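Reading through the structure tokens given below for one structure.
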Amino acid sequence: MFIYTYACHEDEAALCELELQALFGEKPKQGVVISQHKLSVDRSPFVKRRIAVMLEANSMEELIVMLPSIELGGKTFKVVYTQGDEAFTFDEQRQLERAAGAVIHGKADMRKAEQLFGLMKLYGRWYFGPLEESGAVWLRHQNKPQNYSTALPTRAARAIVNLAAGQAAEQLKLIDPCCGMGTVLIEGMSMGIDIEGLDLNPLAVRGARANLAHFGYPDRVRLGDMRLLEGHYDAAIVDMPYNLCSVLPESEQLVMLESVRRWAKRAVIVTTDPMMRQLELASWRIIKTTTLSKASFTRYISVVE
């Protein structure tokens, strides 16, 4: 069993919930997900920690009796308390960490421990096991050499890739047919996902290639029109083209959505206006929808099959 903790800004709460549900198959609650599924702690931009539960007990006293059985193999260790559904003060958390660490046979190292252990009280029970903390890989991708002011935020892009790929990401082939500067591609590749990009704008293709190279990822970008695309993909991520001065006509929107329907089984469609009618006309079945807002600007995100 694994316990994941997560956190998000209120503006991203709906997207966070939808993404974690896609990854774990159940709705998260109270900042915690309990799952039998082992997911990389860096997969979601919202996940903060993962505890691989090896011991659980009804009380801290009962858990302390179990802790001496842990074998470290000569490694140094550190116990880190993680807040569950019952709040403990900072001092109380440190006391709990010291109480657990005092009975583990080995050398504690508070600065550079070779093995981190997580301790948590959740739903009336105590849990203990190896702890892994997120490295927030996506943060490094915010500093791209090329960018659009209207590009998807990096964290949102990572979450949207997860909406498209779900748990079986390593088995899927994805495409971003309006890839722009490659924000979605970079997040997908950093998770080991087979993803490629396409764009009608030569400047965007050039910028995406520069960004991919900057982070050490291969060139998987082509110049082309998504409406003429051939082949087959398990999922597409489509951030529909727009600018602040004009709106893509509905007829063109429909042609684009119909083209995606030809070569993708599933898609995540990102738009600046609700597009339920066009999605239905393009024979897409809407599975889930959410929004992502920043100031007065709102993106509409639809998962369709």
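Going by the structure tokens order, chains are called A, B, ..., each with residues numbered from 1, while ligands are numbered from 1 in the order shown.
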Got a sec to tell me which of region 31-272 of chain A DSSP assigns to helix (DSSP H, G or I), as a CSV table (one decimal) with N, CA, C and O atoms, in the first residue's frame?
```
chain,number,residue,atom,x,y,z
A,60,MET,N,0.6,4.8,18.4
A,60,MET,CA,2.0,5.0,18.3
A,60,MET,C,2.8,4.1,19.2
A,60,MET,O,3.9,3.6,18.8
A,61,GLU,N,2.2,3.7,20.3
A,61,GLU,CA,2.9,2.8,21.2
A,61,GLU,C,3.1,1.4,20.6
A,61,GLU,O,4.1,0.8,20.6
A,62,GLU,N,2.0,1.0,19.9
A,62,GLU,CA,2.1,-0.3,19.2
A,62,GLU,C,3.1,-0.3,18.0
A,62,GLU,O,3.8,-1.2,17.8
A,63,LEU,N,3.1,0.9,17.3
A,63,LEU,CA,4.1,1.0,16.2
A,63,LEU,C,5.5,1.0,16.7
A,63,LEU,O,6.4,0.4,16.1
A,64,ILE,N,5.8,1.6,17.8
A,64,ILE,CA,7.1,1.7,18.4
A,64,ILE,C,7.7,0.3,18.7
A,64,ILE,O,8.9,0.0,18.6
A,65,VAL,N,6.8,-0.6,19.1
A,65,VAL,CA,7.2,-2.0,19.4
A,65,VAL,C,7.6,-2.7,18.1
A,65,VAL,O,8.5,-3.5,18.2
A,66,MET,N,7.1,-2.3,17.0
A,66,MET,CA,7.4,-2.9,15.7
A,66,MET,C,8.7,-2.4,15.1
A,66,MET,O,9.3,-3.1,14.3
A,67,LEU,N,9.0,-1.1,15.3
A,67,LEU,CA,10.1,-0.5,14.6
A,67,LEU,C,11.4,-1.1,14.7
A,67,LEU,O,12.2,-1.1,13.8
A,68,PRO,N,11.8,-1.7,15.9
A,68,PRO,CA,13.1,-2.3,15.9
A,68,PRO,C,13.4,-3.5,14.9
A,68,PRO,O,14.5,-3.9,14.7
A,69,SER,N,12.3,-4.0,14.3
A,69,SER,CA,12.5,-5.0,13.3
A,69,SER,C,13.0,-4.5,12.0
A,69,SER,O,13.4,-5.3,11.1
A,90,PHE,N,4.2,21.7,15.2
A,90,PHE,CA,5.6,21.4,14.8
A,90,PHE,C,6.4,20.7,15.9
A,90,PHE,O,7.1,19.7,15.6
A,91,ASP,N,6.3,21.1,17.1
A,91,ASP,CA,7.0,20.4,18.2
A,91,ASP,C,6.5,19.0,18.4
A,91,ASP,O,7.3,18.1,18.7
A,92,GLU,N,5.2,18.8,18.3
A,92,GLU,CA,4.6,17.4,18.4
A,92,GLU,C,5.2,16.5,17.3
A,92,GLU,O,5.5,15.3,17.6
A,93,GLN,N,5.3,17.1,16.1
A,93,GLN,CA,5.8,16.3,15.0
A,93,GLN,C,7.2,15.9,15.3
A,93,GLN,O,7.6,14.7,15.0
A,94,ARG,N,8.0,16.8,15.8
A,94,ARG,CA,9.4,16.5,16.1
A,94,ARG,C,9.5,15.4,17.2
A,94,ARG,O,10.4,14.5,17.1
A,95,GLN,N,8.7,15.5,18.1
A,95,GLN,CA,8.7,14.5,19.2
A,95,GLN,C,8.3,13.1,18.7
A,95,GLN,O,8.9,12.1,19.1
A,96,LEU,N,7.4,13.1,17.8
A,96,LEU,CA,7.0,11.8,17.2
A,96,LEU,C,8.1,11.2,16.4
A,96,LEU,O,8.4,10.0,16.4
A,97,GLU,N,8.8,12.1,15.6
A,97,GLU,CA,10.0,11.6,14.8
A,97,GLU,C,11.1,11.1,15.7
A,97,GLU,O,11.7,10.0,15.5
A,98,ARG,N,11.3,11.8,16.8
A,98,ARG,CA,12.4,11.3,17.7
A,98,ARG,C,12.0,10.0,18.4
A,98,ARG,O,12.9,9.1,18.6
A,99,ALA,N,10.7,9.9,18.8
A,99,ALA,CA,10.3,8.6,19.4
A,99,ALA,C,10.5,7.5,18.5
A,99,ALA,O,10.9,6.4,18.9
A,100,ALA,N,10.1,7.6,17.2
A,100,ALA,CA,10.3,6.5,16.3
A,100,ALA,C,11.8,6.3,16.0
A,100,ALA,O,12.2,5.1,16.0
A,101,GLY,N,12.5,7.3,15.8
A,101,GLY,CA,13.9,7.1,15.5
A,101,GLY,C,14.7,6.5,16.6
A,101,GLY,O,15.7,5.8,16.3
A,102,ALA,N,14.3,6.8,17.8
A,102,ALA,CA,15.1,6.3,19.0
A,102,ALA,C,15.1,4.7,19.1
A,102,ALA,O,16.0,4.2,19.7
A,103,VAL,N,14.1,4.1,18.5
A,103,VAL,CA,14.0,2.6,18.6
A,103,VAL,C,14.5,1.9,17.4
A,103,VAL,O,14.5,0.6,17.3
A,137,VAL,N,10.2,18.2,-10.8
A,137,VAL,CA,10.9,18.2,-12.1
A,137,VAL,C,10.3,19.3,-13.0
A,137,VAL,O,11.1,20.0,-13.7
A,138,TRP,N,9.0,19.5,-13.0
A,138,TRP,CA,8.4,20.4,-13.9
A,138,TRP,C,8.8,21.9,-13.6
A,138,TRP,O,8.8,22.7,-14.6
A,139,LEU,N,9.3,22.2,-12.4
A,139,LEU,CA,9.7,23.6,-12.1
A,139,LEU,C,10.9,24.0,-13.0
A,139,LEU,O,11.0,25.1,-13.4
A,140,ARG,N,11.8,23.0,-13.3
A,140,ARG,CA,12.9,23.4,-14.1
A,140,ARG,C,12.5,23.7,-15.6
A,140,ARG,O,13.2,24.4,-16.3
A,154,THR,N,3.3,25.4,-17.1
A,154,THR,CA,4.0,24.1,-17.1
A,154,THR,C,3.3,23.1,-16.2
A,154,THR,O,3.2,21.9,-16.6
A,155,ARG,N,2.9,23.5,-15.0
A,155,ARG,CA,2.3,22.5,-14.1
A,155,ARG,C,0.9,22.0,-14.7
A,155,ARG,O,0.6,20.8,-14.6
A,156,ALA,N,0.2,22.9,-15.3
A,156,ALA,CA,-1.1,22.5,-15.9
A,156,ALA,C,-0.8,21.6,-17.1
A,156,ALA,O,-1.5,20.6,-17.3
A,157,ALA,N,0.2,21.9,-17.9
A,157,ALA,CA,0.6,21.0,-19.0
A,157,ALA,C,0.9,19.6,-18.6
A,157,ALA,O,0.5,18.6,-19.2
A,158,ARG,N,1.6,19.5,-17.5
A,158,ARG,CA,2.0,18.1,-16.9
A,158,ARG,C,0.7,17.4,-16.5
A,158,ARG,O,0.6,16.2,-16.8
A,159,ALA,N,-0.2,18.1,-15.8
A,159,ALA,CA,-1.4,17.5,-15.4
A,159,ALA,C,-2.3,17.0,-16.5
A,159,ALA,O,-2.9,16.0,-16.5
A,160,ILE,N,-2.3,17.8,-17.6
A,160,ILE,CA,-3.1,17.5,-18.8
A,160,ILE,C,-2.5,16.3,-19.5
A,160,ILE,O,-3.3,15.5,-20.0
A,161,VAL,N,-1.2,16.2,-19.6
A,161,VAL,CA,-0.6,15.0,-20.1
A,161,VAL,C,-1.1,13.7,-19.3
A,161,VAL,O,-1.4,12.7,-19.9
A,162,ASN,N,-1.1,13.9,-18.0
A,162,ASN,CA,-1.6,12.7,-17.2
A,162,ASN,C,-3.0,12.4,-17.4
A,162,ASN,O,-3.5,11.3,-17.3
A,163,LEU,N,-3.9,13.4,-17.7
A,163,LEU,CA,-5.3,13.2,-18.0
A,163,LEU,C,-5.4,12.4,-19.3
A,163,LEU,O,-6.2,11.5,-19.4
A,164,ALA,N,-4.5,12.6,-20.2
A,164,ALA,CA,-4.5,11.9,-21.5
A,164,ALA,C,-4.0,10.5,-21.4
A,164,ALA,O,-4.5,9.5,-22.0
A,165,ALA,N,-2.9,10.3,-20.6
A,165,ALA,CA,-2.2,9.0,-20.5
A,165,ALA,C,-2.7,8.1,-19.4
A,165,ALA,O,-2.7,6.9,-19.6
A,166,GLY,N,-3.1,8.7,-18.3
A,166,GLY,CA,-3.6,7.8,-17.2
A,166,GLY,C,-2.5,6.9,-16.6
A,166,GLY,O,-1.3,7.3,-16.7
A,167,GLN,N,-2.8,5.8,-16.1
A,167,GLN,CA,-1.9,4.9,-15.4
A,167,GLN,C,-1.0,4.2,-16.4
A,167,GLN,O,0.2,3.9,-16.1
A,168,ALA,N,-1.5,3.9,-17.6
A,168,ALA,CA,-0.7,3.1,-18.6
A,168,ALA,C,0.1,3.9,-19.5
A,168,ALA,O,0.2,3.5,-20.7
A,169,ALA,N,0.7,5.0,-19.0
A,169,ALA,CA,1.4,5.9,-19.9
A,169,ALA,C,2.5,5.3,-20.7
A,169,ALA,O,2.7,5.6,-21.9
A,170,GLU,N,3.3,4.4,-20.2
A,170,GLU,CA,4.4,3.8,-20.9
A,170,GLU,C,4.0,2.9,-22.0
A,170,GLU,O,4.8,2.5,-22.9
A,171,GLN,N,2.7,2.5,-22.1
A,171,GLN,CA,2.2,1.7,-23.2
A,171,GLN,C,1.6,2.4,-24.3
A,171,GLN,O,1.1,1.9,-25.3
A,183,THR,N,5.6,22.9,-24.8
A,183,THR,CA,5.4,22.8,-23.3
A,183,THR,C,4.9,21.4,-23.0
A,183,THR,O,5.4,20.7,-22.1
A,184,VAL,N,3.9,20.9,-23.7
A,184,VAL,CA,3.3,19.6,-23.4
A,184,VAL,C,4.3,18.5,-23.7
A,184,VAL,O,4.4,17.5,-23.0
A,185,LEU,N,5.0,18.6,-24.8
A,185,LEU,CA,6.0,17.6,-25.2
A,185,LEU,C,7.1,17.4,-24.2
A,185,LEU,O,7.4,16.3,-23.8
A,186,ILE,N,7.6,18.5,-23.6
A,186,ILE,CA,8.6,18.5,-22.6
A,186,ILE,C,8.1,17.7,-21.4
A,186,ILE,O,8.8,16.9,-20.8
A,187,GLU,N,6.9,18.1,-20.9
A,187,GLU,CA,6.4,17.4,-19.8
A,187,GLU,C,6.1,15.9,-20.0
A,187,GLU,O,6.5,15.0,-19.2
A,188,GLY,N,5.6,15.6,-21.2
A,188,GLY,CA,5.4,14.1,-21.5
A,188,GLY,C,6.7,13.4,-21.6
A,188,GLY,O,6.9,12.3,-21.0
A,189,MET,N,7.7,13.9,-22.3
A,189,MET,CA,9.0,13.3,-22.4
A,189,MET,C,9.7,13.1,-21.0
A,189,MET,O,10.4,12.1,-20.8
A,190,SER,N,9.6,14.1,-20.2
A,190,SER,CA,10.2,14.0,-18.9
A,190,SER,C,9.6,12.9,-18.0
A,190,SER,O,10.2,12.4,-17.1
A,202,PRO,N,5.9,27.5,-38.8
A,202,PRO,CA,7.4,27.1,-38.8
A,202,PRO,C,8.1,27.8,-37.6
A,202,PRO,O,9.1,27.1,-37.0
A,203,LEU,N,7.7,28.9,-37.1
A,203,LEU,CA,8.4,29.6,-36.0
A,203,LEU,C,8.1,28.8,-34.7
A,203,LEU,O,9.0,28.7,-33.9
A,204,ALA,N,6.9,28.2,-34.6
A,204,ALA,CA,6.6,27.4,-33.4
A,204,ALA,C,7.5,26.1,-33.4
A,204,ALA,O,8.0,25.7,-32.4
A,205,VAL,N,7.5,25.5,-34.6
A,205,VAL,CA,8.3,24.3,-34.7
A,205,VAL,C,9.8,24.5,-34.3
A,205,VAL,O,10.4,23.8,-33.6
A,206,ARG,N,10.3,25.7,-34.8
A,206,ARG,CA,11.7,26.0,-34.5
A,206,ARG,C,11.9,26.3,-33.0
A,206,ARG,O,12.9,25.8,-32.4
A,207,GLY,N,10.9,27.0,-32.4
A,207,GLY,CA,11.0,27.2,-31.0
A,207,GLY,C,10.9,26.0,-30.1
A,207,GLY,O,11.6,25.8,-29.2
A,208,ALA,N,10.0,25.1,-30.5
A,208,ALA,CA,9.8,23.8,-29.8
A,208,ALA,C,11.1,23.0,-29.9
A,208,ALA,O,11.5,22.4,-28.9
A,209,ARG,N,11.7,22.9,-31.0
A,209,ARG,CA,13.0,22.2,-31.2
A,209,ARG,C,14.1,22.8,-30.3
A,209,ARG,O,14.8,22.0,-29.7
A,210,ALA,N,14.1,24.1,-30.2
A,210,ALA,CA,15.1,24.7,-29.4
A,210,ALA,C,14.9,24.4,-27.9
A,210,ALA,O,15.8,24.1,-27.1
A,211,ASN,N,13.6,24.4,-27.5
A,211,ASN,CA,13.3,24.1,-26.1
A,211,ASN,C,13.6,22.7,-25.8
A,211,ASN,O,14.1,22.4,-24.7
A,212,LEU,N,13.2,21.7,-26.6
A,212,LEU,CA,13.5,20.3,-26.4
A,212,LEU,C,15.0,20.1,-26.3
A,212,LEU,O,15.5,19.4,-25.4
A,213,ALA,N,15.8,20.7,-27.2
A,213,ALA,CA,17.2,20.6,-27.1
A,213,ALA,C,17.8,21.2,-25.8
A,213,ALA,O,18.7,20.6,-25.2
A,214,HIS,N,17.2,22.3,-25.4
A,214,HIS,CA,17.7,22.9,-24.2
A,214,HIS,C,17.6,22.0,-23.0
A,214,HIS,O,18.5,22.0,-22.1
A,226,MET,N,-2.5,19.4,-38.9
A,226,MET,CA,-3.2,18.3,-38.2
A,226,MET,C,-4.4,17.8,-39.0
A,226,MET,O,-4.7,16.6,-38.9
A,227,ARG,N,-4.9,18.6,-39.8
A,227,ARG,CA,-6.1,18.2,-40.6
A,227,ARG,C,-5.7,17.1,-41.7
A,227,ARG,O,-6.5,16.4,-42.3
A,228,LEU,N,-4.4,17.1,-42.0
A,228,LEU,CA,-3.9,16.2,-43.0
A,228,LEU,C,-3.1,15.0,-42.4
A,228,LEU,O,-2.5,14.2,-43.2
A,250,GLU,N,-16.2,28.7,-35.9
A,250,GLU,CA,-16.8,27.4,-35.5
A,250,GLU,C,-16.6,26.3,-36.5
A,250,GLU,O,-16.3,25.1,-36.2
A,251,SER,N,-16.7,26.7,-37.8
A,251,SER,CA,-16.5,25.7,-38.9
A,251,SER,C,-15.1,25.1,-38.9
A,251,SER,O,-14.9,23.9,-39.1
A,252,GLU,N,-14.1,26.0,-38.6
A,252,GLU,CA,-12.7,25.5,-38.6
A,252,GLU,C,-12.5,24.7,-37.3
A,252,GLU,O,-11.7,23.7,-37.3
A,253,GLN,N,-13.1,25.1,-36.2
A,253,GLN,CA,-13.0,24.3,-35.0
A,253,GLN,C,-13.5,22.9,-35.2
A,253,GLN,O,-12.8,21.9,-34.8
A,254,LEU,N,-14.6,22.8,-35.9
A,254,LEU,CA,-15.2,21.5,-36.1
A,254,LEU,C,-14.3,20.6,-37.0
A,254,LEU,O,-14.2,19.4,-36.7
A,255,VAL,N,-13.8,21.2,-38.0
A,255,VAL,CA,-12.9,20.5,-38.9
A,255,VAL,C,-11.7,19.9,-38.2
A,255,VAL,O,-11.3,18.8,-38.3
A,256,MET,N,-11.1,20.7,-37.3
A,256,MET,CA,-10.0,20.3,-36.5
A,256,MET,C,-10.4,19.1,-35.5
A,256,MET,O,-9.7,18.1,-35.4
A,257,LEU,N,-11.5,19.3,-34.9
A,257,LEU,CA,-12.0,18.2,-33.9
A,257,LEU,C,-12.3,16.9,-34.7
A,257,LEU,O,-12.0,15.9,-34.2
A,258,GLU,N,-12.9,17.1,-35.9
A,258,GLU,CA,-13.2,15.9,-36.7
A,258,GLU,C,-11.9,15.2,-37.1
A,258,GLU,O,-11.8,13.9,-37.2
A,259,SER,N,-10.8,16.0,-37.4
A,259,SER,CA,-9.6,15.4,-37.9
A,259,SER,C,-8.9,14.6,-36.7
A,259,SER,O,-8.4,13.5,-36.9
A,260,VAL,N,-9.0,15.1,-35.5
A,260,VAL,CA,-8.4,14.4,-34.3
A,260,VAL,C,-9.2,13.1,-34.1
A,260,VAL,O,-8.6,12.1,-33.8
A,261,ARG,N,-10.5,13.1,-34.4
A,261,ARG,CA,-11.3,11.9,-34.2
A,261,ARG,C,-10.9,10.8,-35.1
A,261,ARG,O,-11.0,9.6,-34.8
A,262,ARG,N,-10.3,11.2,-36.3
A,262,ARG,CA,-9.9,10.1,-37.2
A,262,ARG,C,-8.7,9.3,-36.8
A,262,ARG,O,-8.6,8.1,-37.0
A,263,TRP,N,-7.8,10.0,-36.1
A,263,TRP,CA,-6.5,9.3,-35.8
A,263,TRP,C,-6.2,9.2,-34.3
A,263,TRP,O,-5.2,8.6,-33.9
```
### Task
Report the residues of region 236-287 of chain A whose backbone DSSP state falls under strand (DSSP E), written as number ranges by chain.
A: 236-239, 267-271, 286-287
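The smallest atom-to-atom distance between Lys75 (chain A) and any of A:Arg43, A:Leu55, A:Glu230, A:Lys112, using only C-alpha atoms, is found for A:Lys112.
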#### Entry: Selected residue of minimal separation from Ala7 (chain A) among A:Val80, A:Met276, A:Ile175, A:Val32, counting only C-alpha atoms
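Closest residue, counting only C-alpha atoms: A:Val32.
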### Task
With a distance cut-off of 10 Å and only C-alpha atoms, select the neighbouring residues of Asp11 (chain A), excluding the residue or stretch itself and same-chain residues fewer than 3 positions from it, and output the selection as a PyMOL selection string.
chain A and resi 8+14-16+291-295
Once you have the residues from the selection above, write them out as a PDB file, in the first residue's frame, restricted to all heavy atoms.
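Saved file out.pdb follows:
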```
ATOM      1  N   CYS A   8      -2.367  21.800  -3.879  1.00  0.00           N
ATOM      2  CA  CYS A   8      -2.553  22.619  -5.070  1.00  0.00           C
ATOM      3  C   CYS A   8      -3.167  23.958  -4.677  1.00  0.00           C
ATOM      4  O   CYS A   8      -3.787  24.093  -3.615  1.00  0.00           O
ATOM      5  CB  CYS A   8      -3.444  21.917  -6.096  1.00  0.00           C
ATOM      6  SG  CYS A   8      -5.107  21.546  -5.487  1.00  0.00           S
ATOM      7  N   ALA A  14      -9.698  21.903  -9.190  1.00  0.00           N
ATOM      8  CA  ALA A  14     -10.513  21.029 -10.040  1.00  0.00           C
ATOM      9  C   ALA A  14      -9.637  20.199 -10.969  1.00  0.00           C
ATOM     10  O   ALA A  14      -9.874  19.001 -11.158  1.00  0.00           O
ATOM     11  CB  ALA A  14     -11.508  21.863 -10.846  1.00  0.00           C
ATOM     12  N   LEU A  15      -8.615  20.823 -11.549  1.00  0.00           N
ATOM     13  CA  LEU A  15      -7.695  20.093 -12.427  1.00  0.00           C
ATOM     14  C   LEU A  15      -6.921  19.049 -11.637  1.00  0.00           C
ATOM     15  O   LEU A  15      -6.736  17.912 -12.092  1.00  0.00           O
ATOM     16  CB  LEU A  15      -6.723  21.071 -13.097  1.00  0.00           C
ATOM     17  CG  LEU A  15      -5.647  20.447 -13.987  1.00  0.00           C
ATOM     18  CD1 LEU A  15      -6.275  19.662 -15.137  1.00  0.00           C
ATOM     19  CD2 LEU A  15      -4.708  21.530 -14.528  1.00  0.00           C
ATOM     20  N   CYS A  16      -6.473  19.416 -10.440  1.00  0.00           N
ATOM     21  CA  CYS A  16      -5.740  18.493  -9.570  1.00  0.00           C
ATOM     22  C   CYS A  16      -6.586  17.253  -9.264  1.00  0.00           C
ATOM     23  O   CYS A  16      -6.117  16.118  -9.381  1.00  0.00           O
ATOM     24  CB  CYS A  16      -5.347  19.210  -8.283  1.00  0.00           C
ATOM     25  SG  CYS A  16      -4.652  18.142  -6.994  1.00  0.00           S
ATOM     26  N   THR A 291     -12.237  23.254 -15.525  1.00  0.00           N
ATOM     27  CA  THR A 291     -11.731  24.547 -15.972  1.00  0.00           C
ATOM     28  C   THR A 291     -10.448  24.887 -15.211  1.00  0.00           C
ATOM     29  O   THR A 291     -10.193  24.373 -14.127  1.00  0.00           O
ATOM     30  CB  THR A 291     -12.759  25.673 -15.730  1.00  0.00           C
ATOM     31  OG1 THR A 291     -13.086  25.717 -14.332  1.00  0.00           O
ATOM     32  CG2 THR A 291     -14.011  25.449 -16.552  1.00  0.00           C
ATOM     33  N   LEU A 292      -9.673  25.764 -15.813  1.00  0.00           N
ATOM     34  CA  LEU A 292      -8.456  26.272 -15.182  1.00  0.00           C
ATOM     35  C   LEU A 292      -8.473  27.780 -15.371  1.00  0.00           C
ATOM     36  O   LEU A 292      -8.441  28.273 -16.501  1.00  0.00           O
ATOM     37  CB  LEU A 292      -7.223  25.655 -15.844  1.00  0.00           C
ATOM     38  CG  LEU A 292      -5.862  26.112 -15.318  1.00  0.00           C
ATOM     39  CD1 LEU A 292      -5.656  25.647 -13.879  1.00  0.00           C
ATOM     40  CD2 LEU A 292      -4.729  25.590 -16.201  1.00  0.00           C
ATOM     41  N   SER A 293      -8.550  28.501 -14.270  1.00  0.00           N
ATOM     42  CA  SER A 293      -8.684  29.960 -14.350  1.00  0.00           C
ATOM     43  C   SER A 293      -7.476  30.664 -13.752  1.00  0.00           C
ATOM     44  O   SER A 293      -6.889  30.206 -12.766  1.00  0.00           O
ATOM     45  CB  SER A 293      -9.945  30.425 -13.618  1.00  0.00           C
ATOM     46  OG  SER A 293     -11.102  29.860 -14.200  1.00  0.00           O
ATOM     47  N   LYS A 294      -7.134  31.768 -14.379  1.00  0.00           N
ATOM     48  CA  LYS A 294      -6.097  32.645 -13.838  1.00  0.00           C
ATOM     49  C   LYS A 294      -6.531  34.072 -14.139  1.00  0.00           C
ATOM     50  O   LYS A 294      -6.660  34.444 -15.307  1.00  0.00           O
ATOM     51  CB  LYS A 294      -4.733  32.343 -14.468  1.00  0.00           C
ATOM     52  CG  LYS A 294      -3.616  33.148 -13.824  1.00  0.00           C
ATOM     53  CD  LYS A 294      -2.245  32.735 -14.343  1.00  0.00           C
ATOM     54  CE  LYS A 294      -1.145  33.511 -13.634  1.00  0.00           C
ATOM     55  NZ  LYS A 294       0.196  33.136 -14.117  1.00  0.00           N
ATOM     56  N   ALA A 295      -6.765  34.834 -13.069  1.00  0.00           N
ATOM     57  CA  ALA A 295      -7.322  36.183 -13.207  1.00  0.00           C
ATOM     58  C   ALA A 295      -8.640  36.078 -13.984  1.00  0.00           C
ATOM     59  O   ALA A 295      -9.508  35.313 -13.625  1.00  0.00           O
ATOM     60  CB  ALA A 295      -6.321  37.107 -13.866  1.00  0.00           C
TER      61      ALA A 295
END
```
### Polymer residues at most 12 Å from region 38-40 of chain A, only C-alpha atoms, same-chain spacing of 2 or more positions, as a PyMOL selection string
chain A and resi 1-4+20+23-24+33-36+42-45+47-53+131-137+162+166-170+190-192
#### Entry: Distance criterion (only C-alpha atoms): nearest to Phe88 (chain A) out of A:Met120, A:Met275, A:Leu72, A:Leu198
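Under the stated criterion, the closest residue is A:Met120.
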